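Engineer: What follows is the file data.csv, containing CSV, C-alpha atoms and all ligand atoms:
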```csv
chain,number,residue,atom,x,y,z
A,654,MET,CA,-5.3,72.5,-67.8
A,655,THR,CA,-5.8,76.3,-67.8
A,656,VAL,CA,-7.8,77.8,-65.0
A,657,HIS,CA,-9.3,81.2,-65.9
A,658,MET,CA,-9.9,83.8,-63.3
A,659,ASP,CA,-13.7,83.4,-63.5
A,660,ASP,CA,-13.4,79.6,-63.1
A,661,TYR,CA,-11.0,80.2,-60.2
A,662,ILE,CA,-13.4,82.5,-58.4
A,663,ALA,CA,-16.2,80.0,-59.1
A,664,THR,CA,-14.0,77.2,-57.7
A,665,ARG,CA,-13.1,79.1,-54.6
A,666,ALA,CA,-16.8,79.9,-54.0
A,667,ASP,CA,-17.6,76.2,-54.5
A,668,VAL,CA,-14.9,75.2,-52.1
A,669,ARG,CA,-16.1,77.7,-49.6
A,670,ALA,CA,-19.7,76.5,-50.0
A,671,TYR,CA,-18.6,72.9,-49.7
A,672,LEU,CA,-16.6,73.7,-46.5
A,673,GLU,CA,-19.4,75.6,-45.0
A,674,SER,CA,-21.8,72.9,-45.6
A,675,ALA,CA,-19.4,70.2,-44.3
A,676,LEU,CA,-18.8,72.3,-41.2
A,677,ALA,CA,-22.6,72.7,-40.7
A,678,ASP,CA,-23.0,68.9,-41.2
A,679,ALA,CA,-20.3,68.3,-38.6
A,680,ASP,CA,-22.0,70.7,-36.2
A,681,ARG,CA,-25.3,69.1,-36.8
A,682,ALA,CA,-23.7,65.6,-36.2
A,683,SER,CA,-22.2,66.7,-32.9
A,684,ILE,CA,-25.4,68.3,-31.8
A,685,ARG,CA,-27.3,65.2,-32.8
A,686,GLU,CA,-24.7,63.1,-30.8
A,687,SER,CA,-25.2,65.1,-27.6
A,688,ASP,CA,-28.9,65.3,-28.2
A,689,LEU,CA,-28.9,61.5,-27.8
A,690,TYR,CA,-27.7,61.8,-24.1
A,691,ASP,CA,-31.1,61.8,-22.3
A,692,GLU,CA,-32.5,59.1,-24.6
A,693,VAL,CA,-29.5,56.8,-24.2
A,694,LYS,CA,-29.5,57.4,-20.4
A,695,ASP,CA,-33.2,56.3,-20.1
A,696,LYS,CA,-32.6,53.3,-22.3
A,697,LEU,CA,-29.5,52.3,-20.3
A,698,LEU,CA,-31.2,52.7,-17.0
A,699,SER,CA,-34.2,50.6,-18.0
A,700,SER,CA,-32.0,47.9,-19.6
A,701,GLY,CA,-30.3,47.0,-16.4
A,702,ALA,CA,-27.0,46.9,-18.2
A,703,ARG,CA,-23.9,48.6,-16.7
A,704,LEU,CA,-21.6,51.0,-18.7
A,705,VAL,CA,-17.9,50.4,-17.9
A,706,ALA,CA,-15.9,53.3,-19.4
A,707,HIS,CA,-12.2,54.3,-19.6
A,708,TYR,CA,-11.0,57.8,-18.9
A,709,TYR,CA,-9.9,58.2,-22.5
A,710,VAL,CA,-13.4,58.0,-24.0
A,711,ASP,CA,-15.6,61.0,-24.9
A,712,PRO,CA,-16.6,63.0,-21.7
A,713,GLU,CA,-20.3,62.5,-22.5
A,714,ILE,CA,-19.8,58.7,-22.3
A,715,GLN,CA,-17.9,59.1,-19.0
A,716,ARG,CA,-20.7,61.2,-17.7
A,717,LEU,CA,-23.3,58.6,-18.8
A,718,ALA,CA,-21.4,55.9,-17.0
A,719,GLU,CA,-21.4,57.9,-13.8
A,720,ASP,CA,-25.1,58.9,-14.1
A,721,THR,CA,-26.3,55.3,-14.6
A,722,GLY,CA,-24.4,53.4,-11.8
A,723,GLY,CA,-21.5,52.3,-14.0
A,724,ILE,CA,-17.9,53.2,-13.6
A,725,VAL,CA,-15.2,55.4,-15.2
A,726,SER,CA,-11.7,54.2,-14.3
A,727,ASP,CA,-8.3,52.8,-15.3
A,728,SER,CA,-8.1,49.4,-16.8
A,729,LEU,CA,-7.6,47.5,-13.6
A,730,GLU,CA,-10.7,48.9,-11.9
A,731,MET,CA,-12.7,48.3,-15.2
A,732,ALA,CA,-11.8,44.7,-14.9
A,733,ARG,CA,-12.6,44.5,-11.2
A,734,PHE,CA,-15.9,46.3,-11.6
A,735,GLY,CA,-17.0,44.1,-14.5
A,736,ALA,CA,-16.2,40.9,-12.6
A,737,THR,CA,-18.0,42.0,-9.4
A,738,ASP,CA,-21.0,44.0,-10.5
A,739,PRO,CA,-24.2,41.8,-10.5
A,740,ALA,CA,-25.5,43.1,-13.9
A,741,SER,CA,-25.8,40.4,-16.5
A,742,LYS,CA,-25.0,42.7,-19.4
A,743,LEU,CA,-22.0,45.0,-19.6
A,744,ILE,CA,-21.3,47.7,-22.2
A,745,VAL,CA,-17.6,48.4,-22.3
A,746,ALA,CA,-16.6,51.8,-23.7
A,747,GLY,CA,-12.9,51.5,-24.4
A,748,VAL,CA,-10.8,49.3,-26.6
A,749,SER,CA,-11.0,45.6,-27.5
A,750,PHE,CA,-8.7,44.2,-24.8
A,751,MET,CA,-11.0,45.9,-22.2
A,752,GLY,CA,-14.1,44.2,-23.6
A,753,GLU,CA,-12.3,40.9,-23.9
A,754,THR,CA,-11.0,41.1,-20.3
A,755,ALA,CA,-14.6,41.7,-19.0
A,756,LYS,CA,-15.9,38.7,-21.0
A,757,ILE,CA,-13.0,36.4,-19.9
A,758,LEU,CA,-13.5,37.3,-16.2
A,759,SER,CA,-17.3,36.8,-16.5
A,760,PRO,CA,-18.0,34.3,-19.2
A,761,GLU,CA,-21.7,34.0,-18.0
A,762,LYS,CA,-22.3,37.7,-18.7
A,763,GLN,CA,-23.1,39.3,-22.1
A,764,VAL,CA,-20.5,42.0,-22.9
A,765,PHE,CA,-21.0,44.6,-25.6
A,766,MET,CA,-19.0,47.4,-27.1
A,767,PRO,CA,-20.1,50.5,-29.1
A,768,THR,CA,-17.6,49.3,-31.7
A,769,LEU,CA,-15.7,46.1,-32.0
A,770,GLU,CA,-13.2,47.8,-34.3
A,771,ALA,CA,-11.4,49.7,-31.5
A,772,THR,CA,-8.1,48.0,-31.0
A,773,CYS,CA,-4.8,49.1,-29.4
A,774,SER,CA,-1.3,49.5,-30.9
A,775,LEU,CA,0.2,47.4,-28.1
A,776,ASP,CA,-2.2,44.5,-28.8
A,777,LEU,CA,-1.5,44.8,-32.6
A,778,GLY,CA,2.3,44.8,-31.8
A,779,CYS,CA,2.2,41.5,-30.0
A,780,PRO,CA,0.8,38.8,-32.3
A,781,GLU,CA,0.1,35.5,-30.5
A,782,GLU,CA,2.2,33.2,-32.7
A,783,ALA,CA,5.4,35.3,-32.5
A,784,PHE,CA,4.9,35.9,-28.8
A,785,SER,CA,4.5,32.1,-28.1
A,786,ALA,CA,7.7,31.4,-30.0
A,787,PHE,CA,9.5,34.0,-27.9
A,788,CYS,CA,8.2,32.4,-24.7
A,789,ASP,CA,9.1,28.9,-26.0
A,790,ALA,CA,12.7,30.1,-26.5
A,791,HIS,CA,12.9,31.1,-22.8
A,792,PRO,CA,11.0,28.4,-20.9
A,793,ASP,CA,12.6,29.1,-17.6
A,794,ARG,CA,11.1,32.6,-17.4
A,795,THR,CA,7.8,33.7,-15.8
A,796,VAL,CA,5.6,35.3,-18.5
A,797,VAL,CA,4.1,38.6,-17.4
A,798,VAL,CA,1.9,40.5,-20.0
A,799,TYR,CA,0.3,43.9,-19.9
A,800,ALA,CA,-3.5,43.9,-20.0
A,801,ASN,CA,-3.2,45.6,-23.4
A,802,THR,CA,-3.0,42.3,-25.2
A,803,SER,CA,-5.3,39.8,-27.0
A,804,ALA,CA,-7.0,37.0,-25.2
A,805,ALA,CA,-4.6,34.6,-26.9
A,806,VAL,CA,-1.5,36.3,-25.6
A,807,LYS,CA,-3.1,36.4,-22.1
A,808,ALA,CA,-3.8,32.7,-22.4
A,809,ARG,CA,0.0,32.1,-22.8
A,810,ALA,CA,0.9,34.2,-19.7
A,811,ASP,CA,1.5,33.3,-16.1
A,812,TRP,CA,0.5,36.8,-15.0
A,813,VAL,CA,-1.5,39.7,-16.5
A,814,VAL,CA,-0.8,43.2,-15.0
A,815,THR,CA,-2.0,46.7,-15.6
A,816,SER,CA,0.1,49.8,-15.2
A,817,SER,CA,-1.3,50.4,-11.7
A,818,ILE,CA,0.0,47.1,-10.4
A,819,ALA,CA,2.9,46.1,-12.6
A,820,VAL,CA,5.7,47.3,-10.3
A,821,GLU,CA,4.2,45.5,-7.3
A,822,VAL,CA,3.7,42.2,-9.1
A,823,VAL,CA,7.2,42.1,-10.7
A,824,GLU,CA,8.7,43.1,-7.3
A,825,ALA,CA,7.0,40.1,-5.7
A,826,LEU,CA,8.1,37.7,-8.5
A,827,ALA,CA,11.7,39.0,-8.3
A,828,ALA,CA,11.8,38.6,-4.5
A,829,LYS,CA,11.0,34.9,-5.2
A,830,GLY,CA,14.0,34.7,-7.5
A,831,GLU,CA,12.0,34.5,-10.7
A,832,SER,CA,13.3,36.0,-14.0
A,833,ILE,CA,10.7,37.5,-16.3
A,834,ILE,CA,9.5,37.8,-19.9
A,835,TRP,CA,7.7,41.1,-20.2
A,836,ALA,CA,5.4,42.2,-23.1
A,837,PRO,CA,4.4,44.2,-25.0
A,838,ASP,CA,5.2,47.8,-24.0
A,839,ARG,CA,9.0,48.5,-23.9
A,840,TYR,CA,8.7,51.8,-22.0
A,841,LEU,CA,6.6,50.4,-19.2
A,842,GLY,CA,8.8,47.3,-19.2
A,843,ARG,CA,12.0,49.5,-18.8
A,844,TYR,CA,10.3,51.6,-16.1
A,845,VAL,CA,9.3,48.4,-14.1
A,846,GLN,CA,12.8,47.0,-14.6
A,847,LYS,CA,14.3,50.2,-13.1
A,848,GLN,CA,11.9,50.3,-10.2
A,849,THR,CA,12.3,46.6,-9.2
A,850,GLY,CA,15.8,45.6,-10.4
A,851,ALA,CA,14.2,42.5,-11.8
A,852,ASP,CA,15.8,40.4,-14.5
A,853,MET,CA,13.4,41.1,-17.4
A,854,LEU,CA,13.5,40.2,-21.1
A,855,LEU,CA,11.4,42.9,-22.9
A,856,TRP,CA,9.2,42.6,-26.0
A,857,ASP,CA,9.6,45.5,-28.3
A,858,SER,CA,6.3,47.4,-28.8
A,859,ALA,CA,4.9,50.8,-27.9
A,860,CYS,CA,1.7,52.8,-27.6
A,861,VAL,CA,1.4,55.1,-30.6
A,862,VAL,CA,-0.2,57.8,-28.5
A,863,HIS,CA,2.2,58.0,-25.5
A,864,GLU,CA,5.3,57.4,-27.6
A,865,GLU,CA,4.8,60.8,-29.2
A,866,PHE,CA,5.4,62.8,-26.0
A,867,ARG,CA,8.7,64.7,-26.3
A,868,LEU,CA,11.0,66.6,-24.0
A,869,HIS,CA,11.3,69.0,-26.9
A,870,ASP,CA,8.9,71.9,-26.1
A,871,LEU,CA,8.4,70.7,-22.5
A,872,ASP,CA,11.1,73.0,-21.3
A,873,ALA,CA,9.5,75.9,-23.2
A,874,LEU,CA,6.2,75.1,-21.5
A,875,LYS,CA,7.9,74.8,-18.1
A,876,ALA,CA,9.5,78.2,-18.6
A,877,ILE,CA,6.1,79.7,-19.0
A,878,HIS,CA,4.7,77.6,-16.0
A,879,PRO,CA,7.6,77.1,-13.7
A,880,GLU,CA,5.2,76.1,-10.9
A,881,ALA,CA,3.8,73.1,-13.0
A,882,GLY,CA,4.3,69.5,-12.0
A,883,LEU,CA,4.7,66.8,-14.6
A,884,LEU,CA,2.3,63.8,-14.6
A,885,VAL,CA,3.4,60.9,-16.9
A,886,HIS,CA,1.8,57.6,-17.9
A,887,PRO,CA,4.5,54.9,-17.9
A,888,GLU,CA,3.8,54.1,-21.6
A,889,SER,CA,5.7,57.3,-22.3
A,890,PRO,CA,9.4,57.5,-23.4
A,891,ASP,CA,12.0,57.2,-20.7
A,892,GLU,CA,13.1,60.8,-20.9
A,893,MET,CA,9.6,61.9,-20.0
A,894,ILE,CA,9.4,59.4,-17.1
A,895,GLU,CA,12.7,60.6,-15.7
A,896,ARG,CA,11.4,64.2,-15.5
A,897,ALA,CA,8.1,63.3,-14.0
A,898,ASP,CA,6.8,64.4,-10.6
A,899,ALA,CA,4.4,61.4,-10.6
A,900,VAL,CA,4.3,58.3,-12.9
A,901,GLY,CA,1.3,56.0,-12.8
A,902,SER,CA,-1.8,54.5,-14.3
A,903,THR,CA,-4.6,56.9,-15.3
A,904,SER,CA,-6.3,56.7,-11.8
A,905,GLN,CA,-2.9,57.1,-10.1
A,906,LEU,CA,-2.3,60.3,-12.2
A,907,ILE,CA,-5.6,61.7,-11.1
A,908,ASP,CA,-4.8,61.0,-7.5
A,909,ALA,CA,-1.4,62.6,-7.9
A,910,ALA,CA,-3.0,65.8,-9.2
A,911,LYS,CA,-4.9,65.9,-5.9
A,912,TRP,CA,-2.0,65.2,-3.5
A,913,LEU,CA,0.8,67.0,-5.2
A,914,PRO,CA,0.9,70.7,-4.0
A,915,ASN,CA,1.4,72.2,-7.5
A,916,PRO,CA,-1.3,74.6,-8.7
A,917,THR,CA,-0.6,73.6,-12.4
A,918,PHE,CA,0.1,70.2,-14.1
A,919,ILE,CA,1.5,69.2,-17.4
A,920,VAL,CA,-0.2,65.9,-18.2
A,921,ALA,CA,1.5,63.3,-20.5
A,922,THR,CA,-1.4,60.9,-21.3
A,923,ASP,CA,-4.5,60.9,-23.5
A,924,LYS,CA,-6.4,64.1,-23.2
A,925,GLY,CA,-9.6,62.3,-22.4
A,926,ILE,CA,-8.4,62.1,-18.8
A,927,PHE,CA,-8.9,65.9,-18.4
A,928,TYR,CA,-12.6,65.5,-17.9
A,929,LYS,CA,-12.3,63.5,-14.6
A,930,MET,CA,-9.0,65.1,-13.5
A,931,GLN,CA,-10.4,68.6,-13.7
A,932,GLN,CA,-13.4,67.5,-11.7
A,933,GLN,CA,-11.1,66.3,-8.9
A,934,VAL,CA,-8.9,69.5,-9.0
A,935,PRO,CA,-11.3,72.2,-10.1
A,936,ASP,CA,-9.0,75.0,-9.0
A,937,LYS,CA,-5.8,73.7,-10.7
A,938,LEU,CA,-4.6,74.4,-14.2
A,939,LEU,CA,-4.1,71.4,-16.4
A,940,LEU,CA,-2.0,71.6,-19.6
A,941,GLU,CA,-1.5,69.0,-22.3
A,942,ALA,CA,2.1,67.8,-22.6
A,943,PRO,CA,3.6,68.7,-25.9
A,944,THR,CA,4.0,66.0,-28.6
A,945,ARG,CA,6.2,66.0,-31.7
A,946,GLY,CA,7.7,69.4,-31.1
A,947,ALA,CA,7.4,72.5,-33.3
A,948,GLY,CA,7.2,70.5,-36.6
A,949,GLY,CA,4.0,68.7,-35.5
A,950,THR,CA,0.6,69.6,-37.0
A,951,CYS,CA,-0.8,70.0,-33.5
A,952,GLN,CA,0.6,71.2,-30.3
A,953,SER,CA,-0.6,68.0,-28.6
A,954,CYS,CA,-1.9,65.1,-30.6
A,955,ALA,CA,-2.5,63.0,-27.6
A,956,HIS,CA,-5.8,61.3,-28.2
A,957,CYS,CA,-6.1,57.5,-28.9
A,958,PRO,CA,-7.7,57.0,-32.3
A,959,TRP,CA,-9.4,53.8,-31.1
A,960,MET,CA,-10.8,55.2,-27.9
A,961,ALA,CA,-12.2,58.0,-30.1
A,962,MET,CA,-14.3,55.4,-31.9
A,963,ASN,CA,-16.6,55.1,-28.9
A,964,ARG,CA,-19.7,57.3,-29.6
A,965,LEU,CA,-23.0,57.8,-27.8
A,966,SER,CA,-24.7,56.7,-31.1
A,967,GLY,CA,-22.8,53.4,-30.9
A,968,ILE,CA,-24.1,52.8,-27.3
A,969,ASN,CA,-27.6,53.8,-28.6
A,970,TYR,CA,-27.2,51.2,-31.3
A,971,VAL,CA,-26.2,48.4,-28.8
A,972,LEU,CA,-29.2,49.3,-26.6
A,973,ASP,CA,-31.6,49.2,-29.6
A,974,SER,CA,-30.4,46.0,-31.1
A,975,TRP,CA,-28.5,43.7,-28.7
A,976,ASP,CA,-28.0,41.0,-31.3
A,977,SER,CA,-26.5,43.5,-33.8
A,978,GLY,CA,-23.0,42.1,-33.9
A,979,CYS,CA,-21.6,44.3,-31.1
A,980,GLU,CA,-21.3,41.5,-28.6
A,981,VAL,CA,-17.7,40.5,-27.4
A,982,LEU,CA,-17.2,36.8,-27.9
A,983,VAL,CA,-14.1,34.9,-26.7
A,984,ASP,CA,-13.4,31.3,-27.5
A,985,PRO,CA,-14.3,29.5,-24.3
A,986,MET,CA,-11.2,27.3,-24.2
A,987,LEU,CA,-9.0,30.4,-24.7
A,988,GLY,CA,-11.0,32.3,-22.1
A,989,GLU,CA,-10.6,29.6,-19.5
A,990,ARG,CA,-6.8,29.8,-19.9
A,991,ALA,CA,-6.7,33.6,-20.0
A,992,MET,CA,-8.8,33.8,-16.9
A,993,LYS,CA,-6.1,32.3,-14.7
A,994,PRO,CA,-3.5,35.1,-15.0
A,995,LEU,CA,-6.2,37.7,-14.9
A,996,THR,CA,-7.7,36.2,-11.7
A,997,ARG,CA,-4.2,36.1,-10.3
A,998,MET,CA,-3.9,39.8,-10.9
A,999,LEU,CA,-7.2,40.6,-9.2
A,1000,GLU,CA,-6.4,38.4,-6.2
A,1001,PHE,CA,-3.0,40.0,-5.9
A,1002,LYS,CA,-4.7,43.4,-5.9
A,1003,ALA,CA,-7.1,42.3,-3.2
A,1004,SER,CA,-4.2,41.0,-1.1
A,1005,LEU,CA,-2.6,44.5,-1.3
A,1006,SER,CA,-5.8,46.3,-0.2
A,1007,ALA,CA,-6.5,43.7,2.7
B,1101,LIG,P1,-4.6,52.5,-17.5
B,1101,LIG,O1,-4.6,51.1,-17.0
B,1101,LIG,O2,-3.6,53.4,-16.8
B,1101,LIG,O3,-5.9,53.1,-17.5
B,1101,LIG,O4,-4.0,52.5,-19.0
B,1101,LIG,C1,-4.7,51.9,-20.1
B,1101,LIG,C2,-4.2,52.4,-21.4
B,1101,LIG,O5,-4.5,51.9,-22.4
B,1101,LIG,C3,-3.2,53.5,-21.4
B,1101,LIG,O6,-2.9,53.9,-22.7
B,1102,LIG,FE1,-3.6,51.3,-26.6
B,1102,LIG,FE2,-2.2,53.5,-26.5
B,1102,LIG,FE3,-4.8,53.6,-27.1
B,1102,LIG,FE4,-4.0,53.0,-24.6
B,1102,LIG,S1,-3.7,55.0,-25.7
B,1102,LIG,S2,-5.5,52.0,-25.8
B,1102,LIG,S3,-2.1,51.8,-25.0
B,1102,LIG,S4,-3.1,52.7,-28.3
```
Using the file provided, produce a representation of the structure as structure tokens.
Structural biologist:
Amino acid sequence: MTVHMDDYIATRADVRAYLESALADADRASIRESDLYDEVKDKLLSSGARLVAHYYVDPEIQRLAEDTGGIVSDSLEMARFGATDPASKLIVAGVSFMGETAKILSPEKQVFMPTLEATCSLDLGCPEEAFSAFCDAHPDRTVVVYANTSAAVKARADWVVTSSIAVEVVEALAAKGESIIWAPDRYLGRYVQKQTGADMLLWDSACVVHEEFRLHDLDALKAIHPEAGLLVHPESPDEMIERADAVGSTSQLIDAAKWLPNPTFIVATDKGIFYKMQQQVPDKLLLEAPTRGAGGTCQSCAHCPWMAMNRLSGINYVLDSWDSGCEVLVDPMLGERAMKPLTRMLEFKASLSA
């Protein structure tokens, strides 16, 4: 095909017009999205439902949870809040294992999510059938699974843990002489193994977001900001964990930003955390840890694609039509089995705080 100069100019003009109109649409969409804030807030308050949000979701949703008596937290506190708050309806803004956990712990409550499509690469990387076969092959081992798993995988476990309590639980099991099967995150598993010295057999899966953090470019960033501390979520590669000034769950990283003396932090976790972290340390400079190095298409690509599916419009939709297919349902028999290792985790947590 021959493209004449006139056609080319026309095509370029078309493309420009198309792009301008697409950008204007996107702008209008985001304006419409934040325009919903007051309306959604009023509906949420009058519904009596509680919004339970993770630090990785849109800051507007985090703000909404705080403004309406809900919670913004790490996955352990989300589970604890959902189980103890008296509201009979919960809206969980996060990923599917968080909604399922809330439902398993409170089968009598109705649990909704702005989208039921938001999964997690760790959950996807640990299918129940293969995991059960792995457990069957090692019947003498205690099965400890990360919360980022399906209800079916949890139902096969002796313990569920989140990153904020994994070291303590495994330490206690190792002290009793138990050897362990760990799934699914290999980086967190290796970190726990190093911290506790426990005998752990590791499932081989990873978080697609945290796995991208690289030492490459970190040194360059440190050269510009020699005063910066490094905060690392333990789903990140070992080389990042080894260089960290603090390693921990999302809540623990926010706390570390407060108690560490550094005026600047390089943060290796989903960038959604910056909203709450910056509130806690308004005078400190927070920088995104580099991902993928110089060849990447973005300096830091650290945002979970499934967490990003949570939108104010999705919450609005739930509030308008409760029976619209956004309710989290868990097979009651499966839920009963999965509740045991989850309850064990919450009781263990309570015993630490007592
Ligand atoms: P936290 O329990 O630290 O909030 O982590 C959940 C998660 O999915 C991290 O990627
Ligand atoms: Fe799962 Fe990673 Fe997303 Fe967390 S950030 S929900 S571990 S995919």
Engineer: Can you tell me, as a count of residues only, what residues are no more than 9 Å from stretch 828-839 of chain A when counting all atoms listed in the file, ignoring any on the same chain fewer than 5 positions away?
Structural biologist: 30
Engineer: So the first atom is atom CA of A:Lys847 and the second is atom CA of A:Ala783; what is the distance between them in Å, to one decimal place?
Structural biologist: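 So the answer is 26.0 Å.
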Engineer: Which residues form the shell of 7 Å around ligand LIG 1102 (chain B) when you count all atoms listed in the file, given as a list in words?
Structural biologist: Val748, Cys773, Ser774, Leu775, Asn801, Cys860, Val861, Val862, His863, Asp923, Cys957, Pro958, Trp959 and Met960 of chain A
Engineer: So how far away is atom CA of A:Thr849 from atom C2 of ligand LIG 1101 (chain B), in Å?
Structural biologist: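 So the two atoms, atom C2 of ligand LIG 1101 (chain B) and atom CA of A:Thr849, lie 21.3 Å apart.
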Engineer: Suppose you want the space between atom CA of A:Gln931 and atom CA of A:Pro916; what is it in Å?
Structural biologist: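 Separation of atom CA of A:Gln931 and atom CA of A:Pro916: 12.0 Å.
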Engineer: Enumerate as a PyMOL selection string the residues within 7 Å of ligand LIG 1101 (chain B), counting all atoms listed in the file.
Structural biologist: chain A and resi 707+726-729+801+815-817+860+886+888+901-904
Engineer: Between A:Glu980, A:Leu841, A:Ile968, A:Glu713, single out the one closest to A:Gly752, counting all atoms listed in the file.
Structural biologist: A:Glu980
Engineer: Any idea what's packed within 7 Å of stretch 993-1007 of chain A, counting all atoms listed in the file, ignoring anything in its chain fewer than 3 positions away? Could you give it as a PDB file with C-alpha atoms, in the frame of the given file?
Structural biologist:
```pdb
ATOM      1  CA  ARG A 733     -12.600  44.500 -11.200  1.00  0.00           C
ATOM      2  CA  ALA A 810       0.900  34.200 -19.700  1.00  0.00           C
ATOM      3  CA  ASP A 811       1.500  33.300 -16.100  1.00  0.00           C
ATOM      4  CA  TRP A 812       0.500  36.800 -15.000  1.00  0.00           C
ATOM      5  CA  VAL A 813      -1.500  39.700 -16.500  1.00  0.00           C
ATOM      6  CA  VAL A 814      -0.800  43.200 -15.000  1.00  0.00           C
ATOM      7  CA  ARG A 990      -6.800  29.800 -19.900  1.00  0.00           C
TER       8      ARG A 990
END
```
Engineer: Taking only C-alpha atoms into account, name the residue in A:Pro767, A:Pro792, A:Gly735, A:Gly988 that is nearest to A:Leu965.
Structural biologist: A:Pro767
Engineer: Using all atoms listed in the file, which of the listed residues (A:His956, A:Lys756, A:Lys694, A:His869) sits closest to A:Asp984?
Structural biologist: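 Ranked by minimum distance to A:Asp984, first place goes to A:Lys756.
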Engineer: Identify which of the residues A:Met930, A:Cys979, A:Leu871, A:Ala825 lies closest to A:Ala771, counting all atoms listed in the file when measuring atom-to-atom distances.
Structural biologist: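 Among the listed residues, the smallest separation from A:Ala771 belongs to A:Cys979.
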Engineer: Using all atoms listed in the file, which of A:Leu982, A:Glu880, A:Arg685, A:Leu940 sits nearest A:Lys762?
Structural biologist: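 Ranked by minimum distance to A:Lys762, first place goes to A:Leu982.
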Engineer: Calculated over all atoms listed in the file, which of the candidates A:Glu821, A:Ser977, A:Leu972, A:Pro780 has the smallest distance to A:Gly701?
Structural biologist: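 Looking only at the distances to A:Gly701, the closest residue turns out to be A:Leu972.
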Engineer: Give me the residues within 12 Å of A:Pro712 as a tab-separated table (two decimals) with C-alpha atoms, keeping the file's coordinate frame, counting all atoms listed in the file and dropping any in the same chain fewer than 4 places off.
Structural biologist:
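The file below, around.tsv, is the result:
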```tsv
chain	number	residue	atom	x	y	z
A	687	SER	CA	-25.20	65.10	-27.60
A	690	TYR	CA	-27.70	61.80	-24.10
A	706	ALA	CA	-15.90	53.30	-19.40
A	707	HIS	CA	-12.20	54.30	-19.60
A	708	TYR	CA	-11.00	57.80	-18.90
A	716	ARG	CA	-20.70	61.20	-17.70
A	717	LEU	CA	-23.30	58.60	-18.80
A	718	ALA	CA	-21.40	55.90	-17.00
A	719	GLU	CA	-21.40	57.90	-13.80
A	725	VAL	CA	-15.20	55.40	-15.20
A	746	ALA	CA	-16.60	51.80	-23.70
A	924	LYS	CA	-6.40	64.10	-23.20
A	925	GLY	CA	-9.60	62.30	-22.40
A	926	ILE	CA	-8.40	62.10	-18.80
A	927	PHE	CA	-8.90	65.90	-18.40
A	928	TYR	CA	-12.60	65.50	-17.90
A	929	LYS	CA	-12.30	63.50	-14.60
A	930	MET	CA	-9.00	65.10	-13.50
A	931	GLN	CA	-10.40	68.60	-13.70
A	932	GLN	CA	-13.40	67.50	-11.70
A	960	MET	CA	-10.80	55.20	-27.90
A	961	ALA	CA	-12.20	58.00	-30.10
A	963	ASN	CA	-16.60	55.10	-28.90
A	964	ARG	CA	-19.70	57.30	-29.60
A	965	LEU	CA	-23.00	57.80	-27.80
```
Engineer: Give me the residues near A:Leu743 as a short mmCIF file (atom, residue, chain, number, x, y, z; two decimals) with C-alpha atoms, in the frame of the given file, where near means some atom within 10 Å (using all atoms listed in the file) and where sequence neighbours in that chain fewer than 2 positions away do not count.
Structural biologist:
```cif
data_model
loop_
_atom_site.label_atom_id
_atom_site.label_comp_id
_atom_site.auth_asym_id
_atom_site.auth_seq_id
_atom_site.Cartn_x
_atom_site.Cartn_y
_atom_site.Cartn_z
CA GLY A 701 -30.30 47.00 -16.40
CA ALA A 702 -27.00 46.90 -18.20
CA ARG A 703 -23.90 48.60 -16.70
CA LEU A 704 -21.60 51.00 -18.70
CA VAL A 705 -17.90 50.40 -17.90
CA GLY A 723 -21.50 52.30 -14.00
CA GLY A 735 -17.00 44.10 -14.50
CA ALA A 736 -16.20 40.90 -12.60
CA ASP A 738 -21.00 44.00 -10.50
CA PRO A 739 -24.20 41.80 -10.50
CA ALA A 740 -25.50 43.10 -13.90
CA SER A 741 -25.80 40.40 -16.50
CA VAL A 745 -17.60 48.40 -22.30
CA ALA A 746 -16.60 51.80 -23.70
CA GLY A 752 -14.10 44.20 -23.60
CA ALA A 755 -14.60 41.70 -19.00
CA LYS A 756 -15.90 38.70 -21.00
CA SER A 759 -17.30 36.80 -16.50
CA LYS A 762 -22.30 37.70 -18.70
CA GLN A 763 -23.10 39.30 -22.10
CA VAL A 764 -20.50 42.00 -22.90
CA PHE A 765 -21.00 44.60 -25.60
CA MET A 766 -19.00 47.40 -27.10
CA GLU A 980 -21.30 41.50 -28.60
CA VAL A 981 -17.70 40.50 -27.40
#
```
